[in-house]
Amino acid sequence: MKRKGLNMEKISVILVNYNGKKYNDKCIESILRSTISSKLQIVVVDNASTDNSLQLLQDRWRENNQVTIIPLDKNYGFSEANNVGIKWSEENGYEYFFILNNDTEIRKDTVEKMLDSHKETGAIVVPKIVYADKPDTIWYAGGYFSKVIWKPLPRGMNQKDAGQYNRSEQCSFANGCSLFMSKEIIQKLGILDEKFFLYYEDVEYSLRARKKQVTIWYCAEALVYHKVNGATFGNERPDSAYYIARNWLICNQKWMSKGRFALFLCYFVFNRVAWIMIWIVRGQLPNIFSTIDAIKDYKRDLFGQYPKNSL
């Protein structure tokens, strides 16, 4: 019985790498410094990186039995690569899964705090996330959805951390940068939706959790340092504009009633027109063309990677 209990606390920390050679080692090192390091297995899924980061990972970590590297034959996107890590972990007897961006570092007690919170609540657990280069500034302290159009709203973004979000509590939006869950939760909700490729997979998963009455819990004691947009190089590239527009439509159509979705479409048009005006002023015309491509592909039910992807 005791042996089974130990097995139940095996935790897989899943990192997706795509051209992340600047970030991987620091992230892995911070995980291995965890207070419960002996319970952790790091699973790095490489999305066919082109920056030699896979070779660097293998050179540095292949002899470490706490690091497993899974190379993929092409870039399958964030959702599918994480699912590869989840499936490998399930097959190897792991009961807990910590999905973490590789452009992060974690405090020593972060995984332990998230595990304890999950044991107490049975919930998907998310941490407090601060900017790595400005650790006194919040990037995410739990999240919620707006009432009408269900826009995900991260709490505290760009606010100075003065302890205003130091109380752990239930929230409704789990940011995919860092989330902790159990095998039981995955059995109830399923894995990430691979249609999305990049962006909005966490929004869809949060809405799925709400539909199936799975709680999301913000653990204020767990801290993650995020090198924001290290993996996608910012939110204003043509690729990013494409994924945001297309996946926003896919996600909300999936979970909204017809009436609510019609109301959302009015907001979506207004929002994208506003961004088009901004892009014109900034001379970012490719973002406009990729947004048009996104809307066309949404109407054609075309999913996965953007055909003109350059990420």
# chains A, B, ... in the order shown; residues from 1 in each chain; ligands from 1
>>> select_by_dssp(residues="range 145-182 of chain A", states="strand (DSSP E)", output="ChimeraX atom specification")
/A:145,152-154,169-171,178-182
>>> write_last_selection(atoms="C-alpha atoms", output="mmCIF file, in the first residue's frame")
data_model
loop_
_atom_site.group_PDB
_atom_site.id
_atom_site.type_symbol
_atom_site.label_atom_id
_atom_site.label_comp_id
_atom_site.auth_asym_id
_atom_site.auth_seq_id
_atom_site.Cartn_x
_atom_site.Cartn_y
_atom_site.Cartn_z
ATOM 1 C CA PHE A 145 -13.863 35.406 -18.148
ATOM 2 C CA PRO A 152 -10.135 35.650 -20.744
ATOM 3 C CA LEU A 153 -8.934 38.235 -18.237
ATOM 4 C CA PRO A 154 -5.680 37.556 -16.366
ATOM 5 C CA GLU A 169 -8.890 31.118 -4.354
ATOM 6 C CA GLN A 170 -10.993 29.646 -7.105
ATOM 7 C CA CYS A 171 -10.791 31.214 -10.568
ATOM 8 C CA SER A 178 1.800 26.844 -16.140
ATOM 9 C CA LEU A 179 -0.872 24.475 -14.890
ATOM 10 C CA PHE A 180 -0.967 21.401 -12.679
ATOM 11 C CA MET A 181 -3.500 18.595 -12.932
ATOM 12 C CA SER A 182 -4.038 14.933 -12.176
#
>>> closest_residue(among="A:Ala48, A:Cys177, A:Ala162, A:Ile42", to="Ala81 in chain A", atoms="only C-alpha atoms")
A:Ala48
>>> residues_around(residues="Asn92 in chain A", least_positions_apart="4", cutoff="12 Å", atoms="only C-alpha atoms", output="list in words")
Asn7, Met8, Lys10, Ile11, Ser12, Gln41, Val43, Thr68, Gly85, Ile86, Lys87, Trp88 and Tyr96 of chain A
>>> residues_around(residues="Asp46 in chain A", least_positions_apart="3", cutoff="10 Å", atoms="only C-alpha atoms", output="VMD selection string")
chain A and resid 15 to 20 43 49 53 to 54 57 69 to 76 81 to 82
>>> write_last_selection(atoms="all heavy atoms", output="short mmCIF file (atom, residue, chain, number, x, y, z; two decimals), in the first residue's frame")
data_model
loop_
_atom_site.label_atom_id
_atom_site.label_comp_id
_atom_site.auth_asym_id
_atom_site.auth_seq_id
_atom_site.Cartn_x
_atom_site.Cartn_y
_atom_site.Cartn_z
N LEU A 15 7.54 19.99 -20.74
CA LEU A 15 8.02 21.18 -21.43
C LEU A 15 7.95 20.95 -22.93
O LEU A 15 8.38 19.90 -23.42
CB LEU A 15 9.47 21.49 -21.06
CG LEU A 15 9.85 21.55 -19.57
CD1 LEU A 15 11.35 21.78 -19.44
CD2 LEU A 15 9.07 22.61 -18.84
N VAL A 16 7.42 21.91 -23.66
CA VAL A 16 7.45 21.84 -25.13
C VAL A 16 8.54 22.79 -25.60
O VAL A 16 8.56 23.98 -25.24
CB VAL A 16 6.09 22.24 -25.73
CG1 VAL A 16 6.20 22.36 -27.26
CG2 VAL A 16 5.03 21.21 -25.37
N ASN A 17 9.45 22.26 -26.40
CA ASN A 17 10.53 23.09 -26.94
C ASN A 17 10.36 23.30 -28.43
O ASN A 17 10.17 22.36 -29.19
CB ASN A 17 11.90 22.41 -26.70
CG ASN A 17 13.02 23.20 -27.35
OD1 ASN A 17 13.21 24.38 -27.08
ND2 ASN A 17 13.77 22.54 -28.23
N TYR A 18 10.41 24.57 -28.82
CA TYR A 18 10.55 24.90 -30.23
C TYR A 18 11.51 26.08 -30.33
O TYR A 18 11.17 27.20 -29.98
CB TYR A 18 9.21 25.25 -30.89
CG TYR A 18 9.37 25.58 -32.36
CD1 TYR A 18 9.70 24.59 -33.26
CD2 TYR A 18 9.22 26.89 -32.82
CE1 TYR A 18 9.90 24.89 -34.60
CE2 TYR A 18 9.41 27.21 -34.15
CZ TYR A 18 9.75 26.20 -35.05
OH TYR A 18 9.96 26.49 -36.37
N ASN A 19 12.73 25.77 -30.73
CA ASN A 19 13.78 26.79 -30.87
C ASN A 19 13.99 27.56 -29.57
O ASN A 19 14.13 28.78 -29.56
CB ASN A 19 13.44 27.75 -32.01
CG ASN A 19 13.49 27.08 -33.37
OD1 ASN A 19 14.02 25.98 -33.51
ND2 ASN A 19 12.93 27.72 -34.38
N GLY A 20 14.04 26.82 -28.48
CA GLY A 20 14.16 27.45 -27.17
C GLY A 20 15.53 27.29 -26.52
O GLY A 20 15.61 27.18 -25.30
N VAL A 43 9.82 15.93 -18.86
CA VAL A 43 9.60 15.39 -20.20
C VAL A 43 9.64 16.55 -21.18
O VAL A 43 8.74 17.39 -21.19
CB VAL A 43 8.25 14.65 -20.28
CG1 VAL A 43 8.05 14.07 -21.68
CG2 VAL A 43 8.17 13.56 -19.22
N SER A 49 12.74 21.44 -33.67
CA SER A 49 13.43 22.73 -33.61
C SER A 49 14.49 22.84 -34.70
O SER A 49 15.07 21.85 -35.12
CB SER A 49 14.09 22.90 -32.23
OG SER A 49 13.11 23.00 -31.21
N SER A 53 18.62 23.38 -30.76
CA SER A 53 18.31 23.22 -29.34
C SER A 53 18.09 21.76 -28.97
O SER A 53 18.39 21.36 -27.84
CB SER A 53 17.09 24.06 -28.96
OG SER A 53 15.97 23.78 -29.76
N LEU A 54 17.59 20.94 -29.89
CA LEU A 54 17.42 19.52 -29.59
C LEU A 54 18.77 18.87 -29.31
O LEU A 54 18.93 18.13 -28.32
CB LEU A 54 16.71 18.80 -30.74
CG LEU A 54 16.60 17.27 -30.60
CD1 LEU A 54 15.86 16.88 -29.33
CD2 LEU A 54 15.94 16.67 -31.83
N LEU A 57 20.05 19.98 -25.97
CA LEU A 57 19.34 19.29 -24.91
C LEU A 57 19.89 17.88 -24.71
O LEU A 57 20.13 17.44 -23.58
CB LEU A 57 17.84 19.21 -25.24
CG LEU A 57 17.00 20.44 -24.96
CD1 LEU A 57 15.66 20.34 -25.67
CD2 LEU A 57 16.77 20.63 -23.46
N ILE A 69 13.75 13.16 -23.21
CA ILE A 69 13.61 14.03 -24.38
C ILE A 69 12.92 13.26 -25.49
O ILE A 69 13.36 12.17 -25.87
CB ILE A 69 14.99 14.54 -24.85
CG1 ILE A 69 15.67 15.32 -23.71
CG2 ILE A 69 14.84 15.43 -26.09
CD1 ILE A 69 17.13 15.60 -23.96
N ILE A 70 11.83 13.81 -25.99
CA ILE A 70 11.06 13.16 -27.06
C ILE A 70 11.11 14.05 -28.30
O ILE A 70 10.46 15.11 -28.35
CB ILE A 70 9.59 12.94 -26.64
CG1 ILE A 70 9.51 12.12 -25.35
CG2 ILE A 70 8.81 12.28 -27.77
CD1 ILE A 70 8.10 11.96 -24.81
N PRO A 71 11.87 13.67 -29.32
CA PRO A 71 11.93 14.48 -30.55
C PRO A 71 10.76 14.13 -31.48
O PRO A 71 10.45 12.95 -31.68
CB PRO A 71 13.27 14.09 -31.16
CG PRO A 71 13.54 12.70 -30.65
CD PRO A 71 12.83 12.56 -29.33
N LEU A 72 10.14 15.14 -32.05
CA LEU A 72 9.07 14.94 -33.02
C LEU A 72 9.61 15.23 -34.42
O LEU A 72 10.59 15.95 -34.59
CB LEU A 72 7.88 15.84 -32.71
CG LEU A 72 7.25 15.64 -31.32
CD1 LEU A 72 6.05 16.58 -31.14
CD2 LEU A 72 6.83 14.19 -31.09
N ASP A 73 8.94 14.68 -35.42
CA ASP A 73 9.45 14.79 -36.79
C ASP A 73 9.07 16.10 -37.46
O ASP A 73 9.59 16.44 -38.52
CB ASP A 73 8.97 13.61 -37.63
CG ASP A 73 7.45 13.53 -37.75
OD1 ASP A 73 6.76 14.12 -36.89
OD2 ASP A 73 6.96 12.88 -38.69
N LYS A 74 8.14 16.87 -36.86
CA LYS A 74 7.79 18.19 -37.39
C LYS A 74 7.17 19.00 -36.26
O LYS A 74 6.94 18.48 -35.16
CB LYS A 74 6.83 18.08 -38.58
CG LYS A 74 5.44 17.56 -38.23
CD LYS A 74 4.55 17.58 -39.47
CE LYS A 74 3.12 17.14 -39.12
NZ LYS A 74 2.22 17.20 -40.30
N ASN A 75 6.90 20.26 -36.53
CA ASN A 75 6.29 21.13 -35.54
C ASN A 75 4.78 20.85 -35.50
O ASN A 75 4.05 21.26 -36.40
CB ASN A 75 6.57 22.59 -35.88
CG ASN A 75 6.02 23.54 -34.82
OD1 ASN A 75 5.44 23.12 -33.81
ND2 ASN A 75 6.22 24.82 -35.03
N TYR A 76 4.33 20.18 -34.44
CA TYR A 76 2.91 19.84 -34.31
C TYR A 76 2.13 20.86 -33.50
O TYR A 76 0.91 20.71 -33.33
CB TYR A 76 2.78 18.47 -33.65
CG TYR A 76 3.17 17.32 -34.55
CD1 TYR A 76 4.45 16.80 -34.53
CD2 TYR A 76 2.24 16.77 -35.44
CE1 TYR A 76 4.82 15.75 -35.36
CE2 TYR A 76 2.59 15.71 -36.27
CZ TYR A 76 3.89 15.22 -36.23
OH TYR A 76 4.25 14.18 -37.06
N ALA A 81 1.97 18.67 -28.95
CA ALA A 81 3.23 18.33 -28.30
C ALA A 81 3.02 18.07 -26.81
O ALA A 81 3.58 17.12 -26.24
CB ALA A 81 4.26 19.44 -28.51
N ASN A 82 2.22 18.89 -26.16
CA ASN A 82 1.90 18.64 -24.75
C ASN A 82 1.16 17.31 -24.59
O ASN A 82 1.41 16.57 -23.63
CB ASN A 82 1.06 19.78 -24.18
CG ASN A 82 1.91 20.88 -23.58
OD1 ASN A 82 2.69 20.66 -22.66
ND2 ASN A 82 1.75 22.08 -24.11
#
>>> residues_around(residues="Tyr267 in chain A", least_positions_apart="4", cutoff="8 Å", atoms="only C-alpha atoms", output="PyMOL selection string")
chain A and resi 149+263+271
>>> atom_distance(atom1="CA of Glu184 in chain A", atom2="CA of Trp217 in chain A")
15.7 Å
>>> atom_distance(atom1="CA of Leu249 in chain A", atom2="CA of Gly142 in chain A")
23.3 Å
>>> atom_distance(atom1="CA of Gly143 in chain A", atom2="CA of Val228 in chain A")
16.8 Å
>>> closest_residue(among="A:Ala123, A:Ala245, A:Ile280, A:Ile292", to="Thr215 in chain A", atoms="only C-alpha atoms")
A:Ala123
>>> select_by_dssp(residues="range 171-273 of chain A", states="helix (DSSP H, G or I)", output="ChimeraX atom specification")
/A:183-189,201-211,238-255,258-273
>>> residues_around(residues="range 197-207 of chain A", least_positions_apart="6", cutoff="10 Å", atoms="only C-alpha atoms", output="PyMOL selection string")
chain A and resi 75-81+124+144-145+150-152+171-177+179+189-191+213-216+232+239-240+242-252+254-256+303-306
>>> residues_around(residues="range 113-117 of chain A", least_positions_apart="3", cutoff="8 Å", atoms="only C-alpha atoms", output="ChimeraX atom specification")
/A:109-110,120-123,125-127,180,217,219,221-222
